[in-house]
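Quick look at coords33.txt (compact mmCIF, C-alpha atoms):
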```txt
# COMPACT_ATOMS: atom_id res chain seq x y z
CA MET P 1 75.90 29.14 147.78
CA GLU P 2 77.87 30.00 150.94
CA SER P 3 75.57 27.72 152.94
CA ILE P 4 76.20 24.83 150.54
CA ASN P 5 79.96 25.34 150.71
CA LYS P 6 79.85 25.33 154.50
CA THR P 7 77.83 22.10 154.47
CA LEU P 8 80.29 20.41 152.09
CA SER P 9 83.24 21.66 154.11
CA GLY P 10 81.71 20.35 157.30
CA LEU P 11 80.95 16.99 155.69
CA ALA P 12 84.54 16.63 154.45
CA ASN P 13 85.86 17.22 157.97
CA ARG P 14 83.74 14.53 159.55
CA GLU P 15 85.72 11.49 160.70
CA ASP P 16 83.31 8.90 159.24
CA PHE P 17 83.38 10.67 155.87
CA GLN P 18 87.17 10.68 155.85
CA LYS P 19 87.20 6.96 156.63
CA ARG P 20 84.85 6.22 153.72
CA MET P 21 86.95 8.27 151.34
CA SER P 22 90.13 6.55 152.52
CA ALA P 23 88.52 3.14 152.00
CA MET P 24 87.33 4.21 148.55
CA LYS P 25 90.80 5.44 147.64
CA ALA P 26 92.39 2.19 148.82
CA GLN P 27 89.94 0.21 146.69
CA ILE P 28 90.62 2.43 143.68
CA MET P 29 94.40 2.20 144.01
CA LYS P 30 94.26 -1.62 143.96
CA ASN P 31 92.66 -1.65 140.52
CA PRO P 32 95.18 -2.87 137.88
CA ASP P 33 93.93 -0.45 135.20
CA ILE P 34 94.23 2.47 137.61
CA GLN P 35 97.74 1.39 138.57
CA LYS P 36 98.75 1.14 134.93
CA PHE P 37 97.33 4.59 134.10
CA LEU P 38 99.05 6.21 137.09
CA SER P 39 102.34 4.56 136.17
CA GLU P 40 102.10 5.77 132.56
CA HIS P 41 101.42 9.35 133.76
CA ARG P 42 103.50 9.37 136.95
CA LEU P 43 105.25 12.62 135.96
CA GLU P 44 101.93 14.42 135.50
CA ILE P 45 99.85 13.06 138.37
CA ASP P 46 100.30 13.82 142.06
CA ASP P 47 98.32 12.77 145.12
CA ALA P 48 96.29 15.97 145.13
CA MET P 49 95.11 15.26 141.58
CA ILE P 50 94.12 11.73 142.59
CA ASN P 51 92.14 13.07 145.55
CA ARG P 52 90.31 15.56 143.32
CA SER P 53 89.42 12.74 140.94
CA LEU P 54 88.28 10.02 143.35
CA ILE P 55 84.62 10.14 142.29
CA LYS P 56 85.52 9.75 138.60
CA LEU P 57 88.01 6.98 139.40
CA TYR P 58 85.37 5.16 141.45
CA GLU P 59 82.94 5.51 138.54
CA TYR P 60 85.62 3.95 136.33
CA ILE P 61 86.35 0.87 138.44
CA GLY P 62 82.66 0.10 138.84
CA GLN P 63 82.16 -0.48 135.13
CA SER P 64 83.07 -3.18 132.65
CA LYS P 65 85.95 -2.53 130.29
CA ARG P 66 86.22 -4.18 126.88
CA CYS P 67 83.00 -6.13 127.68
CA ALA P 68 84.88 -8.29 130.22
CA ASP P 69 81.96 -8.40 132.69
CA CYS P 70 79.04 -8.20 130.25
CA PRO P 71 77.57 -11.47 128.90
CA SER P 72 75.82 -9.60 126.07
CA LEU P 73 75.08 -6.09 124.83
CA SER P 74 71.54 -6.23 126.26
CA GLU P 75 73.02 -7.10 129.68
CA CYS P 76 75.61 -4.31 129.64
CA LYS P 77 76.30 -3.14 133.20
CA ASN P 78 77.78 0.23 132.28
CA LEU P 79 76.21 3.65 132.74
CA VAL P 80 75.66 3.96 129.00
CA GLU P 81 74.82 0.69 127.25
CA GLY P 82 77.45 -0.24 124.70
CA TYR P 83 80.06 2.25 125.89
CA HIS P 84 82.98 1.69 128.23
CA PRO P 85 85.09 4.31 130.08
CA GLN P 86 88.64 5.34 129.27
CA LEU P 87 90.86 7.29 131.68
CA ILE P 88 92.15 10.65 130.43
CA LEU P 89 93.90 13.68 131.87
CA GLN P 90 91.75 16.78 131.83
CA GLY P 91 93.59 19.82 133.17
CA LYS P 92 94.38 19.14 136.82
CA THR P 93 92.04 16.19 137.18
CA ILE P 94 91.66 12.64 135.91
CA ASP P 95 88.49 12.34 133.86
CA LEU P 96 86.63 9.76 131.81
CA LYS P 97 85.65 9.56 128.19
CA TYR P 98 83.28 6.91 126.90
CA GLU P 99 84.04 4.88 123.78
CA VAL P 100 82.07 2.24 121.91
CA CYS P 101 82.72 -1.18 123.41
CA PRO P 102 83.61 -4.28 121.32
CA MET P 103 80.16 -5.84 121.67
CA LYS P 104 78.41 -2.72 120.41
CA GLU P 105 80.94 -2.38 117.59
CA ALA P 106 80.20 -5.98 116.58
CA GLU P 107 76.43 -5.39 116.83
CA ASP P 108 76.63 -2.18 114.80
CA GLU P 109 78.69 -4.00 112.17
CA ARG P 110 76.17 -6.85 112.11
CA LYS P 111 73.32 -4.38 111.52
CA LYS P 112 75.25 -2.69 108.71
CA HIS P 113 75.95 -6.13 107.27
CA GLN P 114 72.28 -7.12 107.41
CA ALA P 115 71.23 -3.82 105.87
CA LEU P 116 73.26 -4.75 102.79
CA ILE P 117 71.13 -7.85 102.27
CA LYS P 118 67.55 -7.15 101.33
CA SER P 119 65.15 -10.05 100.90
CA MET P 120 61.67 -10.81 99.71
CA PHE P 121 60.01 -13.93 101.11
CA ILE P 122 63.29 -15.64 102.07
CA PRO P 123 63.45 -17.63 105.39
CA ARG P 124 65.49 -16.01 108.18
CA ASP P 125 67.90 -18.95 108.51
CA ILE P 126 68.91 -18.51 104.87
CA LEU P 127 69.94 -14.92 105.59
CA ASN P 128 72.44 -16.24 108.16
CA ALA P 129 74.04 -18.76 105.80
CA LYS P 130 77.83 -18.89 105.53
CA LEU P 131 80.09 -20.26 102.82
CA GLU P 132 82.20 -22.07 105.41
CA ASP P 133 79.14 -24.07 106.51
CA ILE P 134 78.46 -25.47 103.04
CA ASP P 135 79.08 -29.21 102.78
CA LEU P 136 81.96 -29.77 100.34
CA LYS P 137 81.75 -33.52 99.88
CA GLU P 138 80.51 -33.08 96.31
CA ASP P 139 82.80 -31.71 93.59
CA SER P 140 79.92 -29.59 92.31
CA ARG P 141 79.76 -27.74 95.63
CA ILE P 142 83.51 -27.09 95.67
CA ARG P 143 83.24 -25.64 92.17
CA VAL P 144 80.36 -23.39 93.22
CA VAL P 145 82.15 -22.09 96.34
CA ASN P 146 85.32 -21.37 94.37
CA THR P 147 83.29 -19.50 91.77
CA VAL P 148 81.57 -17.43 94.46
CA LEU P 149 84.91 -16.43 95.97
CA SER P 150 86.23 -15.46 92.54
CA PHE P 151 83.05 -13.50 91.81
CA SER P 152 83.27 -11.42 95.01
CA GLU P 153 86.94 -10.62 94.38
CA GLU P 154 86.40 -9.62 90.75
CA TYR P 155 83.26 -7.62 91.52
CA GLU P 156 85.06 -5.72 94.27
CA ALA P 157 87.81 -4.93 91.78
CA GLY P 158 85.24 -3.26 89.50
CA LYS P 159 85.07 -5.94 86.82
CA ASN P 160 81.90 -6.92 84.98
CA VAL P 161 81.27 -10.48 86.11
CA LYS P 162 78.47 -12.94 85.39
CA GLY P 163 76.24 -14.42 88.01
CA MET P 164 75.41 -18.09 88.47
CA TYR P 165 72.49 -20.28 87.46
CA LEU P 166 72.36 -22.98 90.15
CA TYR P 167 70.17 -25.94 89.30
CA GLY P 168 69.63 -29.32 90.83
CA SER P 169 67.21 -31.58 92.63
CA PHE P 170 64.85 -30.42 95.36
CA GLY P 171 66.54 -29.79 98.72
CA VAL P 172 70.21 -29.91 97.69
CA GLY P 173 70.88 -26.50 99.23
CA LYS P 174 70.59 -24.06 96.33
CA THR P 175 68.77 -21.39 98.35
CA TYR P 176 71.20 -21.77 101.25
CA ILE P 177 74.08 -21.10 98.86
CA LEU P 178 72.37 -17.90 97.70
CA GLY P 179 72.22 -16.74 101.31
CA ALA P 180 75.89 -17.58 101.79
CA ILE P 181 76.76 -15.63 98.63
CA ALA P 182 74.80 -12.62 99.91
CA ASN P 183 76.68 -12.71 103.22
CA GLU P 184 80.03 -13.07 101.48
CA LEU P 185 79.24 -10.01 99.37
CA ALA P 186 78.04 -8.06 102.42
CA LYS P 187 81.45 -8.58 104.05
CA LYS P 188 82.82 -6.51 101.18
CA LYS P 189 80.04 -3.89 101.41
CA ILE P 190 78.35 -5.16 98.23
CA PRO P 191 74.52 -4.91 98.50
CA SER P 192 72.29 -7.69 97.24
CA MET P 193 68.66 -8.76 97.19
CA LEU P 194 67.28 -12.29 97.53
CA VAL P 195 63.86 -12.85 96.01
CA TYR P 196 61.73 -16.00 96.20
CA VAL P 197 60.28 -15.84 92.71
CA PRO P 198 56.90 -17.64 93.12
CA GLU P 199 55.86 -15.48 96.08
CA PHE P 200 57.21 -12.33 94.43
CA MET P 201 55.08 -12.98 91.34
CA ARG P 202 51.98 -13.42 93.50
CA GLU P 203 52.85 -10.16 95.29
CA LEU P 204 53.10 -8.34 91.97
CA LYS P 205 49.65 -9.50 90.92
CA SER P 206 48.15 -8.08 94.10
CA SER P 207 50.12 -4.85 93.58
CA LEU P 208 48.00 -4.03 90.54
CA HIS P 209 45.36 -2.78 92.97
CA ASP P 210 47.51 -0.51 95.15
CA ASN P 211 49.74 1.23 92.58
CA SER P 212 52.94 -0.26 94.06
CA LEU P 213 53.79 -2.46 91.08
CA GLU P 214 56.36 -0.19 89.44
CA SER P 215 58.24 0.58 92.66
CA LYS P 216 58.55 -3.12 93.50
CA ILE P 217 59.79 -3.98 90.02
CA ASP P 218 62.27 -1.09 90.08
CA ALA P 219 63.71 -2.26 93.41
CA VAL P 220 64.45 -5.67 91.93
CA LYS P 221 65.65 -4.30 88.61
CA LYS P 222 68.21 -1.90 89.99
CA VAL P 223 69.80 -3.62 93.00
CA LYS P 224 73.55 -4.15 92.59
CA VAL P 225 73.36 -7.95 92.84
CA LEU P 226 70.04 -9.76 92.38
CA MET P 227 69.31 -13.36 93.38
CA LEU P 228 66.18 -14.96 91.99
CA ASP P 229 65.36 -18.11 93.93
CA ASP P 230 63.36 -21.02 92.52
CA ILE P 231 62.65 -19.67 89.07
CA GLY P 232 60.40 -22.08 87.23
CA ALA P 233 58.52 -23.21 90.36
CA GLU P 234 55.57 -21.03 89.39
CA ALA P 235 53.14 -21.41 86.51
CA MET P 236 53.82 -18.17 84.64
CA SER P 237 51.33 -16.17 82.69
CA SER P 238 52.59 -14.53 79.53
CA TRP P 239 52.29 -11.17 81.35
CA ILE P 240 54.54 -12.27 84.22
CA ARG P 241 57.04 -13.91 81.87
CA ASP P 242 57.29 -11.21 79.22
CA ASP P 243 56.33 -7.92 80.89
CA ILE P 244 57.72 -8.55 84.38
CA LEU P 245 60.53 -11.11 84.25
CA GLY P 246 61.56 -10.08 80.74
CA SER P 247 61.67 -6.41 81.72
CA ILE P 248 63.77 -7.09 84.85
CA LEU P 249 66.26 -9.26 82.99
CA GLN P 250 66.48 -6.88 80.02
CA TYR P 251 67.35 -3.96 82.29
CA ARG P 252 69.96 -5.95 84.18
CA MET P 253 71.47 -7.24 80.96
CA LEU P 254 71.83 -3.73 79.53
CA GLU P 255 73.29 -2.40 82.78
CA ASN P 256 75.60 -5.41 83.31
CA LEU P 257 74.16 -6.02 86.78
CA PRO P 258 75.11 -9.47 88.13
CA THR P 259 72.18 -11.81 88.60
CA PHE P 260 72.00 -15.21 90.29
CA PHE P 261 69.30 -17.83 89.81
CA THR P 262 68.30 -21.11 91.41
CA SER P 263 65.99 -23.64 89.80
CA ASN P 264 65.02 -27.28 89.83
CA PHE P 265 65.29 -27.09 86.03
CA SER P 266 68.36 -27.09 83.85
CA MET P 267 68.45 -24.16 81.42
CA LYS P 268 67.13 -26.39 78.65
CA ASP P 269 64.26 -27.66 80.79
CA LEU P 270 63.47 -24.15 82.05
CA GLN P 271 63.14 -22.94 78.45
CA SER P 272 60.63 -25.70 77.81
CA HIS P 273 58.76 -24.86 81.02
CA LEU P 274 58.56 -21.14 80.18
CA SER P 275 57.28 -21.83 76.68
CA VAL P 276 53.90 -23.00 78.03
CA THR P 277 51.70 -20.41 79.72
CA GLN P 278 49.04 -20.95 82.40
CA ARG P 279 46.45 -21.10 79.63
CA GLY P 280 48.32 -23.90 77.91
CA GLU P 281 49.54 -21.74 75.05
CA GLU P 282 52.91 -22.69 73.56
CA GLU P 283 55.17 -19.71 72.89
CA PRO P 284 58.69 -21.07 72.27
CA VAL P 285 60.03 -17.84 70.75
CA LYS P 286 59.14 -15.76 73.79
CA SER P 287 60.58 -18.40 76.09
CA ALA P 288 63.80 -18.40 74.06
CA ARG P 289 64.10 -14.62 74.52
CA ILE P 290 63.93 -14.99 78.31
CA MET P 291 66.55 -17.73 78.23
CA GLU P 292 68.93 -15.65 76.12
CA ARG P 293 68.85 -12.98 78.81
CA ILE P 294 69.42 -15.54 81.57
CA LYS P 295 72.36 -17.05 79.67
CA TYR P 296 73.85 -13.60 79.19
CA LEU P 297 73.58 -12.85 82.91
CA ALA P 298 74.63 -16.18 84.42
CA ASP P 299 76.64 -19.34 83.80
CA PRO P 300 75.01 -22.71 84.65
CA TYR P 301 76.22 -24.79 87.61
CA GLU P 302 74.61 -28.08 88.49
CA LEU P 303 74.45 -28.75 92.21
CA LYS P 304 74.43 -32.37 93.36
CA GLY P 305 74.12 -34.03 96.73
CA ARG P 306 71.59 -35.42 99.16
CA ASN P 307 68.28 -33.80 100.04
CA TRP P 308 69.09 -31.74 103.16
CA ARG P 309 65.42 -31.40 104.01
CA GLU P 310 65.08 -35.13 104.62
CA ARG P 311 65.70 -36.18 108.21
```
If you took the structure in this file and wrote it as structure tokens, what would it be?
Amino acid sequence: MESINKTLSGLANREDFQKRMSAMKAQIMKNPDIQKFLSEHRLEIDDAMINRSLIKLYEYIGQSKRCADCPSLSECKNLVEGYHPQLILQGKTIDLKYEVCPMKEAEDERKKHQALIKSMFIPRDILNAKLEDIDLKEDSRIRVVNTVLSFSEEYEAGKNVKGMYLYGSFGVGKTYILGAIANELAKKKIPSMLVYVPEFMRELKSSLHDNSLESKIDAVKKVKVLMLDDIGAEAMSSWIRDDILGSILQYRMLENLPTFFTSNFSMKDLQSHLSVTQRGEEEPVKSARIMERIKYLADPYELKGRNWRER
């Protein structure tokens, strides 16, 4: 230890070392953030304290503060990605503490936001949909957006509110609106799940062989806000209609869990569609039972406009 101390002492007394330290100190003292900190603590800081803290101060000026010099979180130039240094007084020295930078805060918030939106078989671009990007040239779209805003406010206030049954022609943006609704709810920490019904039904059929059927149905049954996209696009068997869809809707009806739907069919046309099974059997009573649950859970809204999928 004595040998190390002698070496350090000898190094500090060397002329070239002193010049480098003086140059470093001059560079440090020009930094606006350093100047501001020293001014704010001028009664507590003396030159000896500054000299003892030069290495920490140099570490400070070499890093980005408030993401000013970082184009993105992945290109963060700081010692610890996503954290920037703050100057603090620590006894008789000036020290650093590291805090989460704005970019990391935004990224963490985005991940929390995305975690609130679960999806099954929904395209990625739909999960990034925003209400403010919805075209409002049609009165029907204005009505839908206003209803969504009212829904999120009332749900947040703890009220039992009905979902929406959005129907309209192919490509008018029904699924996009579901994604925008999910994002609007996520802003208020309300979890939701978007499910593309035809693919989900096919998934359930294959789940009969791996014992995962019940867990998948339960996940859809019990989510706070459920969005069933493109109901009626599939040719339903009586098992899918009555034992699966009927069970999900019955649970959600009894628990007053808001449910949204999109369809190319009006409610009347969907009832007719559901009354005929894949085998061609007509079962209007069973279809009517499904529709009563849908009507209990959601109010119908027709969506008009051009086909956004046409170029």
Checklist entry - Got a sec: who's within 7 Å of stretch 269-282 of chain P, counting all atoms listed in the file, leaving out chain neighbours fewer than 3 positions off, as JSON, numbers by chain? => result {"P": [232, 235, 236, 237, 238, 265, 266, 286, 287, 288, 291]}
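The nearest approach to P:Phe261 among the residues P:Ser192, P:Ile294, P:Asp242, P:Tyr165, with all atoms listed in the file taken into account, belongs to P:Tyr165.
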Next on the checklist: Give me, as an MDAnalysis selection string, all polymer residues having an atom no more than 9 Å from P:Gly246, counting all atoms listed in the file and skipping those fewer than 5 positions away in the same chain.
Outcome noted: chainID P and resid 240:241 251 289:290 293
Checklist outcome for this item: Residue with the minimum atom-to-atom distance to P:Ile61, picked from P:Met21, P:Ile34, P:Ala298, P:Met227 with only C-alpha atoms counted, is P:Ile34
Checklist entry - Quick one: distance from atom CA of P:Ile126 to atom CA of P:Ala186 in Å, one decimal? => result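 Separation between atom CA of P:Ile126 and atom CA of P:Ala186: 14.1 Å.
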Item to check | Counting all atoms listed in the file, the option among P:Lys104, P:Gly163, P:Gln86, P:Ser207 closest to P:Ser72 | outcome: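 Comparing P:Lys104, P:Gly163, P:Gln86, P:Ser207 against P:Ser72, the winner is P:Lys104.
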Next on the checklist: Residues proximal to (70.6, -19.0, 105.4) were defined as those with any atom within 8 Å of that point in the file's coordinates, counting all atoms listed in the file. Which are they, as a ChimeraX atom specification?
Outcome noted: /P:123-130,175-180
Checklist entry - Just how far from atom CA of P:Arg110 is atom CA of P:Pro191, in Å to one decimal? => result 13.8 Å
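All residues of protein, DNA or RNA that reach within 12 Å of P:Arg143, judged by all atoms listed in the file and not counting those fewer than 6 positions away in the chain, are Ile134, Asp135, Leu136, Lys137, Leu149, Ser150, Met164, Leu166, Pro300, Tyr301, Glu302, Leu303 and Lys304 of chain P.
Atom to atom, atom CA of P:Asn183 and atom CA of P:Ser152 stand 10.6 Å apart.
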For stretch 45-60 of chain P, take all atoms listed in the file, fit an axis-aligned box around them, add 5 Å to each of the six sides, then output centre and edge lengths in Å rounded to one decimal, as JSON.
```
{"center_x": 91.6, "center_y": 10.0, "center_z": 140.9, "size_x": 27.4, "size_y": 22.0, "size_z": 19.2}
```
Checklist entry - Could you pull the residues within 6 Å of P:Cys101, counting only C-alpha atoms, minus those fewer than 6 positions along the same chain, as a ChimeraX atom specification? => result /P:66,82-84
Checklist outcome for this item: Among P:Lys162, P:Arg141, P:Lys25, P:Lys224, P:Asp299 is approached most closely, using all atoms listed in the file, by P:Lys162
Residues of stretch 74-167 of chain P that have any atom at most 12 Å from an atom of stretch 50-60 of chain P: could you tabulate them with the shortest-distance atom pair and the distance in Å to one decimal, using all atoms listed in the file, ordered by chain and increasing number, as a Markdown table?
```
| residue | atom | partner | partner_atom | distance |
| --- | --- | --- | --- | --- |
| P:Asn78 | CA | P:Tyr60 | CA | 9.6 |
| P:Leu79 | CA | P:Glu59 | CA | 9.1 |
| P:Tyr83 | CA | P:Tyr60 | CA | 11.9 |
| P:His84 | CA | P:Tyr60 | CA | 8.8 |
| P:Pro85 | CA | P:Tyr60 | CA | 6.3 |
| P:Gln86 | CA | P:Tyr60 | CA | 7.8 |
| P:Leu87 | CA | P:Tyr60 | CA | 7.8 |
| P:Ile88 | CA | P:Leu57 | CA | 10.5 |
| P:Leu89 | CA | P:Ser53 | CA | 10.2 |
| P:Gln90 | CA | P:Ser53 | CA | 10.2 |
| P:Gly91 | CA | P:Ser53 | CA | 11.3 |
| P:Lys92 | CA | P:Arg52 | CA | 8.5 |
| P:Thr93 | CA | P:Ser53 | CA | 5.7 |
| P:Ile94 | CA | P:Ser53 | CA | 5.5 |
| P:Asp95 | CA | P:Lys56 | CA | 6.2 |
| P:Leu96 | CA | P:Lys56 | CA | 6.9 |
| P:Lys97 | CA | P:Tyr60 | CA | 9.9 |
| P:Tyr98 | CA | P:Tyr60 | CA | 10.2 |
```
